[in-house]
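Next comes protein-v2.pdb, a file with PDB, C-alpha atoms.
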```pdb
ATOM      1  CA  MET S  39     119.707  75.526  87.610  1.00  0.00           C
ATOM      2  CA  LEU S  40     117.663  78.346  89.180  1.00  0.00           C
ATOM      3  CA  LYS S  41     117.727  76.562  92.560  1.00  0.00           C
ATOM      4  CA  ILE S  42     121.513  76.366  92.327  1.00  0.00           C
ATOM      5  CA  VAL S  43     121.718  80.089  91.540  1.00  0.00           C
ATOM      6  CA  ASP S  44     119.468  80.925  94.498  1.00  0.00           C
ATOM      7  CA  ARG S  45     121.552  78.734  96.800  1.00  0.00           C
ATOM      8  CA  VAL S  46     124.739  80.532  95.756  1.00  0.00           C
ATOM      9  CA  LEU S  47     123.059  83.914  96.249  1.00  0.00           C
ATOM     10  CA  LYS S  48     121.851  82.928  99.722  1.00  0.00           C
ATOM     11  CA  GLN S  49     125.426  82.076 100.668  1.00  0.00           C
ATOM     12  CA  MET S  50     126.692  85.328  99.167  1.00  0.00           C
ATOM     13  CA  ILE S  51     123.963  87.493 100.746  1.00  0.00           C
ATOM     14  CA  PRO S  52     123.358  85.880 104.150  1.00  0.00           C
ATOM     15  CA  ASP S  53     121.782  88.933 105.806  1.00  0.00           C
ATOM     16  CA  SER S  54     118.684  88.872 103.633  1.00  0.00           C
ATOM     17  CA  THR S  55     115.074  87.686 103.624  1.00  0.00           C
ATOM     18  CA  TRP S  56     114.018  85.044 101.105  1.00  0.00           C
ATOM     19  CA  LYS S  57     110.796  83.870 102.738  1.00  0.00           C
ATOM     20  CA  ILE S  58     108.582  84.999 105.616  1.00  0.00           C
ATOM     21  CA  ASP S  59     107.300  82.792 108.413  1.00  0.00           C
ATOM     22  CA  ASP S  60     103.553  83.234 107.974  1.00  0.00           C
ATOM     23  CA  PRO S  61     100.942  80.443 107.987  1.00  0.00           C
ATOM     24  CA  ASN S  62      98.480  82.190 105.678  1.00  0.00           C
ATOM     25  CA  GLY S  63     100.225  85.179 104.100  1.00  0.00           C
ATOM     26  CA  VAL S  64     101.935  85.500 100.730  1.00  0.00           C
ATOM     27  CA  TYR S  65     104.016  88.461  99.633  1.00  0.00           C
ATOM     28  CA  LEU S  66     103.641  89.796  96.105  1.00  0.00           C
ATOM     29  CA  THR S  67     106.304  92.285  95.047  1.00  0.00           C
ATOM     30  CA  PHE S  68     106.692  94.489  91.981  1.00  0.00           C
ATOM     31  CA  ASP S  69     110.078  95.719  90.773  1.00  0.00           C
ATOM     32  CA  ASP S  70     111.098  98.687  88.584  1.00  0.00           C
ATOM     33  CA  GLY S  71     108.078 101.027  88.709  1.00  0.00           C
ATOM     34  CA  PRO S  72     106.237 103.214  88.859  1.00  0.00           C
ATOM     35  CA  THR S  73     105.341 102.948  85.169  1.00  0.00           C
ATOM     36  CA  PRO S  74     102.479 104.979  83.655  1.00  0.00           C
ATOM     37  CA  GLY S  75      99.609 102.754  82.590  1.00  0.00           C
ATOM     38  CA  VAL S  76     101.082  99.661  84.228  1.00  0.00           C
ATOM     39  CA  THR S  77     101.146 100.811  87.846  1.00  0.00           C
ATOM     40  CA  GLU S  78      97.548 102.012  87.689  1.00  0.00           C
ATOM     41  CA  TRP S  79      96.481  98.625  86.318  1.00  0.00           C
ATOM     42  CA  ILE S  80      98.327  96.794  89.096  1.00  0.00           C
ATOM     43  CA  LEU S  81      96.790  98.996  91.783  1.00  0.00           C
ATOM     44  CA  SER S  82      93.287  98.514  90.390  1.00  0.00           C
ATOM     45  CA  THR S  83      93.741  94.751  90.160  1.00  0.00           C
ATOM     46  CA  LEU S  84      95.128  94.442  93.685  1.00  0.00           C
ATOM     47  CA  GLU S  85      92.206  96.462  95.002  1.00  0.00           C
ATOM     48  CA  LYS S  86      89.690  94.116  93.357  1.00  0.00           C
ATOM     49  CA  TYR S  87      91.162  91.211  95.304  1.00  0.00           C
ATOM     50  CA  ASP S  88      91.664  93.137  98.553  1.00  0.00           C
ATOM     51  CA  ALA S  89      95.381  92.450  98.187  1.00  0.00           C
ATOM     52  CA  LYS S  90      98.389  94.419  99.394  1.00  0.00           C
ATOM     53  CA  ALA S  91     101.875  94.284  97.900  1.00  0.00           C
ATOM     54  CA  THR S  92     105.373  95.702  98.179  1.00  0.00           C
ATOM     55  CA  PHE S  93     106.729  97.834  95.333  1.00  0.00           C
ATOM     56  CA  PHE S  94     110.500  97.937  94.919  1.00  0.00           C
ATOM     57  CA  VAL S  95     110.673 101.296  93.230  1.00  0.00           C
ATOM     58  CA  LEU S  96     113.386 102.949  91.168  1.00  0.00           C
ATOM     59  CA  GLY S  97     114.199 106.370  92.569  1.00  0.00           C
ATOM     60  CA  LYS S  98     114.360 107.924  89.098  1.00  0.00           C
ATOM     61  CA  ASN S  99     110.850 106.655  88.279  1.00  0.00           C
ATOM     62  CA  ALA S 100     109.417 107.959  91.547  1.00  0.00           C
ATOM     63  CA  GLU S 101     111.016 111.281  90.675  1.00  0.00           C
ATOM     64  CA  LEU S 102     109.613 111.244  87.128  1.00  0.00           C
ATOM     65  CA  TYR S 103     106.114 110.184  88.192  1.00  0.00           C
ATOM     66  CA  PRO S 104     105.536 111.549  91.701  1.00  0.00           C
ATOM     67  CA  ASP S 105     101.724 111.414  91.444  1.00  0.00           C
ATOM     68  CA  LEU S 106     101.875 107.747  90.475  1.00  0.00           C
ATOM     69  CA  TYR S 107     104.298 107.044  93.304  1.00  0.00           C
ATOM     70  CA  GLN S 108     101.904 108.704  95.738  1.00  0.00           C
ATOM     71  CA  LYS S 109      99.053 106.532  94.441  1.00  0.00           C
ATOM     72  CA  ILE S 110     100.985 103.427  95.528  1.00  0.00           C
ATOM     73  CA  LEU S 111     101.359 104.843  99.020  1.00  0.00           C
ATOM     74  CA  ALA S 112      97.781 106.090  99.201  1.00  0.00           C
ATOM     75  CA  ALA S 113      96.508 102.588  98.385  1.00  0.00           C
ATOM     76  CA  GLY S 114      98.275 101.212 101.481  1.00  0.00           C
ATOM     77  CA  HIS S 115     101.087  99.356  99.760  1.00  0.00           C
ATOM     78  CA  LYS S 116     104.700  99.184 100.944  1.00  0.00           C
ATOM     79  CA  ILE S 117     107.666 100.806  99.215  1.00  0.00           C
ATOM     80  CA  GLY S 118     111.135  99.314  98.884  1.00  0.00           C
ATOM     81  CA  ASN S 119     114.346 100.771  97.426  1.00  0.00           C
ATOM     82  CA  HIS S 120     115.498  99.248  94.116  1.00  0.00           C
ATOM     83  CA  THR S 121     118.330 101.768  93.576  1.00  0.00           C
ATOM     84  CA  TYR S 122     117.925 105.097  91.815  1.00  0.00           C
ATOM     85  CA  SER S 123     118.839 103.983  88.302  1.00  0.00           C
ATOM     86  CA  HIS S 124     118.570 100.152  88.263  1.00  0.00           C
ATOM     87  CA  GLN S 125     122.247  99.624  88.830  1.00  0.00           C
ATOM     88  CA  LYS S 126     124.098  96.347  88.612  1.00  0.00           C
ATOM     89  CA  GLY S 127     126.621  96.248  91.384  1.00  0.00           C
ATOM     90  CA  TRP S 128     129.059  94.168  89.354  1.00  0.00           C
ATOM     91  CA  GLY S 129     131.724  96.413  87.877  1.00  0.00           C
ATOM     92  CA  MET S 130     130.809  99.337  90.132  1.00  0.00           C
ATOM     93  CA  SER S 131     132.801 100.599  93.057  1.00  0.00           C
ATOM     94  CA  LEU S 132     131.263 100.201  96.490  1.00  0.00           C
ATOM     95  CA  GLU S 133     131.074 103.982  96.813  1.00  0.00           C
ATOM     96  CA  ARG S 134     129.186 104.475  93.528  1.00  0.00           C
ATOM     97  CA  TYR S 135     126.742 101.665  94.276  1.00  0.00           C
ATOM     98  CA  ILE S 136     125.908 102.995  97.744  1.00  0.00           C
ATOM     99  CA  GLU S 137     125.608 106.520  96.349  1.00  0.00           C
ATOM    100  CA  ASP S 138     122.972 105.352  93.870  1.00  0.00           C
ATOM    101  CA  ILE S 139     120.998 103.587  96.614  1.00  0.00           C
ATOM    102  CA  ASP S 140     121.198 106.644  98.852  1.00  0.00           C
ATOM    103  CA  CYS S 141     120.006 108.858  96.017  1.00  0.00           C
ATOM    104  CA  ALA S 142     116.877 106.691  95.818  1.00  0.00           C
ATOM    105  CA  ASP S 143     116.506 106.760  99.601  1.00  0.00           C
ATOM    106  CA  ASP S 144     116.369 110.561  99.552  1.00  0.00           C
ATOM    107  CA  ILE S 145     113.066 110.112  97.701  1.00  0.00           C
ATOM    108  CA  LEU S 146     111.719 106.793  98.979  1.00  0.00           C
ATOM    109  CA  LYS S 147     112.666 106.760 102.674  1.00  0.00           C
ATOM    110  CA  SER S 148     112.313 102.976 102.892  1.00  0.00           C
ATOM    111  CA  GLU S 149     114.123 100.517 105.152  1.00  0.00           C
ATOM    112  CA  LEU S 150     113.712  97.744 102.541  1.00  0.00           C
ATOM    113  CA  PHE S 151     116.143  97.140  99.674  1.00  0.00           C
ATOM    114  CA  ARG S 152     116.284  94.699  96.763  1.00  0.00           C
ATOM    115  CA  PRO S 153     119.331  94.668  94.442  1.00  0.00           C
ATOM    116  CA  PRO S 154     118.506  94.812  90.714  1.00  0.00           C
ATOM    117  CA  TYR S 155     119.342  91.531  88.964  1.00  0.00           C
ATOM    118  CA  ALA S 156     120.901  90.356  92.268  1.00  0.00           C
ATOM    119  CA  ARG S 157     124.157  91.323  90.566  1.00  0.00           C
ATOM    120  CA  VAL S 158     126.033  92.528  93.597  1.00  0.00           C
ATOM    121  CA  THR S 159     129.285  91.800  95.349  1.00  0.00           C
ATOM    122  CA  PRO S 160     129.492  90.470  98.897  1.00  0.00           C
ATOM    123  CA  ALA S 161     131.179  93.718  99.973  1.00  0.00           C
ATOM    124  CA  GLN S 162     128.335  95.781  98.533  1.00  0.00           C
ATOM    125  CA  MET S 163     125.723  93.702 100.329  1.00  0.00           C
ATOM    126  CA  ARG S 164     127.584  93.809 103.624  1.00  0.00           C
ATOM    127  CA  ALA S 165     127.570  97.594 103.405  1.00  0.00           C
ATOM    128  CA  VAL S 166     123.909  97.755 102.396  1.00  0.00           C
ATOM    129  CA  ALA S 167     122.868  95.355 105.182  1.00  0.00           C
ATOM    130  CA  LYS S 168     124.196  97.774 107.805  1.00  0.00           C
ATOM    131  CA  ARG S 169     121.481 100.278 106.850  1.00  0.00           C
ATOM    132  CA  TYR S 170     118.726  98.411 105.012  1.00  0.00           C
ATOM    133  CA  LYS S 171     116.776  95.174 105.306  1.00  0.00           C
ATOM    134  CA  ILE S 172     117.558  93.219 102.166  1.00  0.00           C
ATOM    135  CA  VAL S 173     114.573  91.419 100.623  1.00  0.00           C
ATOM    136  CA  MET S 174     115.168  88.783  97.964  1.00  0.00           C
ATOM    137  CA  TRP S 175     112.545  86.220  96.880  1.00  0.00           C
ATOM    138  CA  SER S 176     111.117  82.730  96.981  1.00  0.00           C
ATOM    139  CA  ILE S 177     109.765  82.856  93.416  1.00  0.00           C
ATOM    140  CA  VAL S 178     110.728  84.897  90.352  1.00  0.00           C
ATOM    141  CA  SER S 179     107.856  84.892  87.864  1.00  0.00           C
ATOM    142  CA  HIS S 180     110.116  85.713  84.871  1.00  0.00           C
ATOM    143  CA  ASP S 181     107.306  87.885  83.531  1.00  0.00           C
ATOM    144  CA  TYR S 182     109.927  90.101  81.856  1.00  0.00           C
ATOM    145  CA  ASN S 183     111.063  87.240  79.591  1.00  0.00           C
ATOM    146  CA  ARG S 184     109.288  87.697  76.275  1.00  0.00           C
ATOM    147  CA  ARG S 185     110.205  84.177  75.209  1.00  0.00           C
ATOM    148  CA  PHE S 186     107.913  82.890  77.961  1.00  0.00           C
ATOM    149  CA  SER S 187     104.176  82.637  77.424  1.00  0.00           C
ATOM    150  CA  PRO S 188     101.774  84.175  79.951  1.00  0.00           C
ATOM    151  CA  GLN S 189     100.718  80.633  80.884  1.00  0.00           C
ATOM    152  CA  ARG S 190     104.302  79.614  81.616  1.00  0.00           C
ATOM    153  CA  VAL S 191     104.804  82.688  83.788  1.00  0.00           C
ATOM    154  CA  LEU S 192     101.658  81.824  85.729  1.00  0.00           C
ATOM    155  CA  HIS S 193     102.899  78.298  86.377  1.00  0.00           C
ATOM    156  CA  ASN S 194     106.293  79.635  87.426  1.00  0.00           C
ATOM    157  CA  VAL S 195     104.334  81.139  90.312  1.00  0.00           C
ATOM    158  CA  ILE S 196     101.413  78.898  91.227  1.00  0.00           C
ATOM    159  CA  ASP S 197     103.355  75.640  90.937  1.00  0.00           C
ATOM    160  CA  HIS S 198     105.609  76.807  93.782  1.00  0.00           C
ATOM    161  CA  ILE S 199     103.736  79.403  95.842  1.00  0.00           C
ATOM    162  CA  GLU S 200     102.953  78.614  99.467  1.00  0.00           C
ATOM    163  CA  PRO S 201     102.393  80.581 102.674  1.00  0.00           C
ATOM    164  CA  GLY S 202     105.386  82.809 103.313  1.00  0.00           C
ATOM    165  CA  SER S 203     106.454  82.993  99.675  1.00  0.00           C
ATOM    166  CA  ILE S 204     107.898  86.255  98.346  1.00  0.00           C
ATOM    167  CA  VAL S 205     106.972  86.522  94.660  1.00  0.00           C
ATOM    168  CA  VAL S 206     108.628  88.843  92.129  1.00  0.00           C
ATOM    169  CA  PHE S 207     106.580  90.475  89.376  1.00  0.00           C
ATOM    170  CA  HIS S 208     107.586  93.557  87.392  1.00  0.00           C
ATOM    171  CA  ASP S 209     105.914  96.942  87.104  1.00  0.00           C
ATOM    172  CA  SER S 210     107.131  97.634  83.553  1.00  0.00           C
ATOM    173  CA  ASP S 211     105.946  97.858  79.963  1.00  0.00           C
ATOM    174  CA  LYS S 212     108.203  94.955  79.001  1.00  0.00           C
ATOM    175  CA  ALA S 213     106.583  92.604  81.520  1.00  0.00           C
ATOM    176  CA  PHE S 214     102.995  93.802  81.174  1.00  0.00           C
ATOM    177  CA  ARG S 215     101.652  91.126  78.804  1.00  0.00           C
ATOM    178  CA  ASN S 216     102.855  88.262  80.979  1.00  0.00           C
ATOM    179  CA  MET S 217     102.409  89.979  84.326  1.00  0.00           C
ATOM    180  CA  SER S 218      98.823  91.089  83.684  1.00  0.00           C
ATOM    181  CA  TYR S 219      97.765  87.554  82.821  1.00  0.00           C
ATOM    182  CA  ALA S 220      99.659  85.862  85.652  1.00  0.00           C
ATOM    183  CA  LEU S 221      98.812  88.374  88.370  1.00  0.00           C
ATOM    184  CA  LYS S 222      95.039  88.027  88.051  1.00  0.00           C
ATOM    185  CA  LYS S 223      95.183  84.262  88.125  1.00  0.00           C
ATOM    186  CA  THR S 224      97.703  84.250  90.958  1.00  0.00           C
ATOM    187  CA  LEU S 225      95.378  86.446  93.017  1.00  0.00           C
ATOM    188  CA  GLU S 226      92.499  84.068  92.274  1.00  0.00           C
ATOM    189  CA  PHE S 227      94.701  81.138  93.326  1.00  0.00           C
ATOM    190  CA  ILE S 228      95.604  82.906  96.592  1.00  0.00           C
ATOM    191  CA  LYS S 229      91.964  83.700  97.332  1.00  0.00           C
ATOM    192  CA  GLU S 230      90.802  80.144  96.633  1.00  0.00           C
ATOM    193  CA  ARG S 231      93.244  78.823  99.216  1.00  0.00           C
ATOM    194  CA  GLY S 232      92.186  81.262 101.880  1.00  0.00           C
ATOM    195  CA  TRP S 233      95.555  83.014 101.949  1.00  0.00           C
ATOM    196  CA  LYS S 234      96.118  86.765 102.155  1.00  0.00           C
ATOM    197  CA  SER S 235      98.423  88.927 100.058  1.00  0.00           C
ATOM    198  CA  LYS S 236     100.295  91.189 102.475  1.00  0.00           C
ATOM    199  CA  ILE S 237     102.946  93.895 102.574  1.00  0.00           C
ATOM    200  CA  ILE S 238     106.421  93.000 103.794  1.00  0.00           C
ATOM    201  CA  GLU S 239     107.084  94.192 107.326  1.00  0.00           C
ATOM    202  CA  LEU S 240     110.415  93.150 108.806  1.00  0.00           C
TER
END
```
Once more with this new file: its structure as structure tokens, please.
Amino acid sequence: MLKIVDRVLKQMIPDSTWKIDDPNGVYLTFDDGPTPGVTEWILSTLEKYDAKATFFVLGKNAELYPDLYQKILAAGHKIGNHTYSHQKGWGMSLERYIEDIDCADDILKSELFRPPYARVTPAQMRAVAKRYKIVMWSIVSHDYNRRFSPQRVLHNVIDHIEPGSIVVFHDSDKAFRNMSYALKKTLEFIKERGWKSKIIEL
């Protein structure tokens, strides 16, 4: 079912990146932060494994926690725009959706964009693609799903990860139990295979 959904999304959002051509790099991403307590843990864990990642940040959270946002940048990670207020494009006018993205861009100044929930219209994505590089995913960990065990979340990732994969984790309190378990073991898995966790540069 998830593969069918991704195939439909790829058709709907053609001007987007779902995987990166890289023989030994993988691309861990974190949506929805920064989040006090969680972001610091992620940064510390990435540092232990000499790993870099891309954080798709909410503008309102960067505004609320500017010191935490700066810590992400200072650690050498990449920032992406995830809208200002985690908007679903469905049911919103094109003008309101773009306004929310631009509000985040005033703070983030990033050329990368990922739509929350992937709930967007083709018209919205055509407009966004004129100004931003849209980054989707190869693998969604589903760490936010509290019905999933940490072990299941881990296998959602390591059973499918390969060089070039773009993996979605979440920088949020809701996801922390599953994400914190799966991230460590994913980083170990990456290291064992001689791969490198890198920032997204398009």
* Give me the result of the PyMOL selection byres ((chain S and resi 72-85) around 9) on this file, residue by residue, as an MDAnalysis selection string. => chainID S and resid 69:71 86:91 93 95:96 99:100 102:104 106:107 109:110 113 209:211 214 218 221:222 225
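Within 8 Å of stretch 182-184 of chain S, once all atoms listed in the file are used and residues closer than 5 positions along the same chain are dropped, the contacting residues are His208, Lys212, Ala213, Phe214, Asn216 and Met217 of chain S.
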Write a file of the selected residues as a compact mmCIF listing (two decimals), keeping the file's coordinate frame, keeping C-alpha atoms.
```txt
# COMPACT_ATOMS: atom_id res chain seq x y z
CA HIS S 208 107.59 93.56 87.39
CA LYS S 212 108.20 94.96 79.00
CA ALA S 213 106.58 92.60 81.52
CA PHE S 214 103.00 93.80 81.17
CA ASN S 216 102.86 88.26 80.98
CA MET S 217 102.41 89.98 84.33
```
* **Near-S:Cys141 list (12 Å; only C-alpha atoms; drop same-chain fewer than 5 positions) as a PyMOL selection string** => chain S and resi 96-98+100-101+119-125+134-136+146-148
* Asked: So what do you get for atom CA of S:Pro154 versus atom CA of S:Ile172, distance-wise?
  -> 11.6 Å
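For the residues S:Ala161, S:Ile204, S:Ile139, S:Arg169, ranking by smallest atom-to-atom distance to S:Thr67 using all atoms listed in the file places S:Ile204 first.
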* Asked: Which value, in Å to one decimal, gives the distance between atom CA of S:Ile199 and atom CA of S:Arg185?
  ->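 These two atoms are separated by 22.1 Å.
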Edge lengths and centre, in Å to one decimal, as AutoDock Vina command-line options: that's what I need for the box along x, y and z that holds all listed atoms of stretch 225-230 of chain S plus 3 Å on each side.
```
--center_x 93.2 --center_y 83.3 --center_z 94.8 --size_x 10.8 --size_y 12.3 --size_z 11.1
```
* **One-decimal distance in Å that lies between atom CA of S:Phe227 and atom CA of S:Leu192** =>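 Value for the atom CA of S:Leu192-atom CA of S:Phe227 distance: 10.3 Å.
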* Asked: What lies within 7 Å of S:Val173 using all atoms listed in the file, ignoring chain neighbours under 2 positions off, as a ChimeraX atom specification?
  -> /S:54-56,150-152,171,175
* Asked: Using only C-alpha atoms, which of S:Leu66, S:Ile145, S:Ile117, S:Val166 sits nearest S:Phe207?
  ->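 For S:Phe207, the nearest of the candidates is S:Leu66.
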* Result set, the PyMOL selection byres ((chain S and resi 63) around 9) on current file, as a list in words -> Ile58, Asp59, Asp60, Pro61, Asn62, Val64, Tyr65, Glu200, Pro201, Gly202, Ser203, Trp233, Lys234, Ser235 and Lys236 of chain S
Once the PyMOL selection byres ((chain S and resi 196) around 10) is applied to the coordinates I shared, what remains selected? I want it as a JSON list (two decimals) with C-alpha atoms, in the coordinates of the input.
```json
[["chain", "number", "residue", "atom", "x", "y", "z"],
["S", 177, "ILE", "CA", 109.76, 82.86, 93.42],
["S", 179, "SER", "CA", 107.86, 84.89, 87.86],
["S", 191, "VAL", "CA", 104.80, 82.69, 83.79],
["S", 192, "LEU", "CA", 101.66, 81.82, 85.73],
["S", 193, "HIS", "CA", 102.90, 78.30, 86.38],
["S", 194, "ASN", "CA", 106.29, 79.64, 87.43],
["S", 195, "VAL", "CA", 104.33, 81.14, 90.31],
["S", 197, "ASP", "CA", 103.36, 75.64, 90.94],
["S", 198, "HIS", "CA", 105.61, 76.81, 93.78],
["S", 199, "ILE", "CA", 103.74, 79.40, 95.84],
["S", 200, "GLU", "CA", 102.95, 78.61, 99.47],
["S", 220, "ALA", "CA", 99.66, 85.86, 85.65],
["S", 223, "LYS", "CA", 95.18, 84.26, 88.12],
["S", 224, "THR", "CA", 97.70, 84.25, 90.96],
["S", 225, "LEU", "CA", 95.38, 86.45, 93.02],
["S", 227, "PHE", "CA", 94.70, 81.14, 93.33],
["S", 228, "ILE", "CA", 95.60, 82.91, 96.59]]
```
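Using only C-alpha atoms, the smallest distance between any of S:Tyr155, S:Gly127, S:Glu149, S:Gly232 and S:Lys168 comes from S:Glu149.
Minimum distance to S:His180 across S:Val158, S:Met163, S:Lys57, S:Val205 (counting all atoms listed in the file) occurs at S:Val205.
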Take stretch 86-114 of chain S from the block and save it with N, CA and C atoms, as a PDB file, in the first residue's frame.
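Contents of result.pdb, as written:
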```pdb
ATOM      1  N   LYS S  86      28.403  11.408  17.735  1.00  0.00           N
ATOM      2  CA  LYS S  86      29.088  10.184  18.160  1.00  0.00           C
ATOM      3  C   LYS S  86      29.422   9.273  16.981  1.00  0.00           C
ATOM      4  N   TYR S  87      28.604   9.333  15.958  1.00  0.00           N
ATOM      5  CA  TYR S  87      28.803   8.468  14.789  1.00  0.00           C
ATOM      6  C   TYR S  87      29.394   9.228  13.603  1.00  0.00           C
ATOM      7  N   ASP S  88      29.850  10.452  13.847  1.00  0.00           N
ATOM      8  CA  ASP S  88      30.425  11.274  12.786  1.00  0.00           C
ATOM      9  C   ASP S  88      29.465  11.363  11.598  1.00  0.00           C
ATOM     10  N   ALA S  89      28.197  11.590  11.917  1.00  0.00           N
ATOM     11  CA  ALA S  89      27.146  11.593  10.898  1.00  0.00           C
ATOM     12  C   ALA S  89      26.585  13.002  10.724  1.00  0.00           C
ATOM     13  N   LYS S  90      26.231  13.332   9.500  1.00  0.00           N
ATOM     14  CA  LYS S  90      25.554  14.584   9.195  1.00  0.00           C
ATOM     15  C   LYS S  90      24.142  14.276   8.701  1.00  0.00           C
ATOM     16  N   ALA S  91      23.246  15.249   8.869  1.00  0.00           N
ATOM     17  CA  ALA S  91      21.850  15.033   8.505  1.00  0.00           C
ATOM     18  C   ALA S  91      21.240  16.337   8.026  1.00  0.00           C
ATOM     19  N   THR S  92      20.035  16.241   7.495  1.00  0.00           N
ATOM     20  CA  THR S  92      19.281  17.401   7.049  1.00  0.00           C
ATOM     21  C   THR S  92      18.029  17.525   7.905  1.00  0.00           C
ATOM     22  N   PHE S  93      17.828  18.702   8.468  1.00  0.00           N
ATOM     23  CA  PHE S  93      16.692  18.959   9.363  1.00  0.00           C
ATOM     24  C   PHE S  93      15.668  19.815   8.630  1.00  0.00           C
ATOM     25  N   PHE S  94      14.494  19.251   8.391  1.00  0.00           N
ATOM     26  CA  PHE S  94      13.400  20.005   7.790  1.00  0.00           C
ATOM     27  C   PHE S  94      12.615  20.654   8.926  1.00  0.00           C
ATOM     28  N   VAL S  95      12.915  21.925   9.109  1.00  0.00           N
ATOM     29  CA  VAL S  95      12.535  22.675  10.297  1.00  0.00           C
ATOM     30  C   VAL S  95      11.229  23.431  10.085  1.00  0.00           C
ATOM     31  N   LEU S  96      10.430  23.524  11.143  1.00  0.00           N
ATOM     32  CA  LEU S  96       9.263  24.392  11.129  1.00  0.00           C
ATOM     33  C   LEU S  96       9.706  25.809  11.484  1.00  0.00           C
ATOM     34  N   GLY S  97       9.287  26.773  10.694  1.00  0.00           N
ATOM     35  CA  GLY S  97       9.674  28.151  10.964  1.00  0.00           C
ATOM     36  C   GLY S  97       9.285  28.605  12.360  1.00  0.00           C
ATOM     37  N   LYS S  98       8.092  28.221  12.816  1.00  0.00           N
ATOM     38  CA  LYS S  98       7.648  28.668  14.145  1.00  0.00           C
ATOM     39  C   LYS S  98       8.538  28.095  15.249  1.00  0.00           C
ATOM     40  N   ASN S  99       9.051  26.872  15.058  1.00  0.00           N
ATOM     41  CA  ASN S  99       9.925  26.285  16.079  1.00  0.00           C
ATOM     42  C   ASN S  99      11.305  26.933  16.068  1.00  0.00           C
ATOM     43  N   ALA S 100      11.803  27.259  14.887  1.00  0.00           N
ATOM     44  CA  ALA S 100      13.081  27.979  14.811  1.00  0.00           C
ATOM     45  C   ALA S 100      12.956  29.345  15.471  1.00  0.00           C
ATOM     46  N   GLU S 101      11.784  29.942  15.336  1.00  0.00           N
ATOM     47  CA  GLU S 101      11.529  31.242  15.948  1.00  0.00           C
ATOM     48  C   GLU S 101      11.410  31.127  17.469  1.00  0.00           C
ATOM     49  N   LEU S 102      10.779  30.051  17.932  1.00  0.00           N
ATOM     50  CA  LEU S 102      10.609  29.835  19.372  1.00  0.00           C
ATOM     51  C   LEU S 102      11.917  29.461  20.054  1.00  0.00           C
ATOM     52  N   TYR S 103      12.754  28.702  19.337  1.00  0.00           N
ATOM     53  CA  TYR S 103      13.983  28.165  19.937  1.00  0.00           C
ATOM     54  C   TYR S 103      15.198  28.529  19.068  1.00  0.00           C
ATOM     55  N   PRO S 104      15.508  29.803  18.966  1.00  0.00           N
ATOM     56  CA  PRO S 104      16.590  30.223  18.071  1.00  0.00           C
ATOM     57  C   PRO S 104      17.953  29.651  18.452  1.00  0.00           C
ATOM     58  N   ASP S 105      18.223  29.508  19.756  1.00  0.00           N
ATOM     59  CA  ASP S 105      19.523  28.951  20.167  1.00  0.00           C
ATOM     60  C   ASP S 105      19.655  27.500  19.727  1.00  0.00           C
ATOM     61  N   LEU S 106      18.556  26.756  19.824  1.00  0.00           N
ATOM     62  CA  LEU S 106      18.562  25.357  19.412  1.00  0.00           C
ATOM     63  C   LEU S 106      18.714  25.248  17.899  1.00  0.00           C
ATOM     64  N   TYR S 107      18.050  26.129  17.188  1.00  0.00           N
ATOM     65  CA  TYR S 107      18.184  26.176  15.730  1.00  0.00           C
ATOM     66  C   TYR S 107      19.636  26.452  15.339  1.00  0.00           C
ATOM     67  N   GLN S 108      20.271  27.372  16.030  1.00  0.00           N
ATOM     68  CA  GLN S 108      21.662  27.695  15.732  1.00  0.00           C
ATOM     69  C   GLN S 108      22.592  26.525  16.041  1.00  0.00           C
ATOM     70  N   LYS S 109      22.237  25.711  17.025  1.00  0.00           N
ATOM     71  CA  LYS S 109      23.059  24.537  17.345  1.00  0.00           C
ATOM     72  C   LYS S 109      23.076  23.545  16.173  1.00  0.00           C
ATOM     73  N   ILE S 110      21.946  23.414  15.496  1.00  0.00           N
ATOM     74  CA  ILE S 110      21.887  22.529  14.321  1.00  0.00           C
ATOM     75  C   ILE S 110      22.866  23.024  13.261  1.00  0.00           C
ATOM     76  N   LEU S 111      22.823  24.306  13.001  1.00  0.00           N
ATOM     77  CA  LEU S 111      23.715  24.898  12.000  1.00  0.00           C
ATOM     78  C   LEU S 111      25.177  24.800  12.419  1.00  0.00           C
ATOM     79  N   ALA S 112      25.436  25.091  13.686  1.00  0.00           N
ATOM     80  CA  ALA S 112      26.817  25.083  14.176  1.00  0.00           C
ATOM     81  C   ALA S 112      27.439  23.695  14.100  1.00  0.00           C
ATOM     82  N   ALA S 113      26.611  22.656  14.162  1.00  0.00           N
ATOM     83  CA  ALA S 113      27.113  21.281  14.096  1.00  0.00           C
ATOM     84  C   ALA S 113      27.362  20.827  12.654  1.00  0.00           C
ATOM     85  N   GLY S 114      27.078  21.697  11.683  1.00  0.00           N
ATOM     86  CA  GLY S 114      27.370  21.369  10.285  1.00  0.00           C
ATOM     87  C   GLY S 114      26.286  20.623   9.559  1.00  0.00           C
TER      88      GLY S 114
END
```
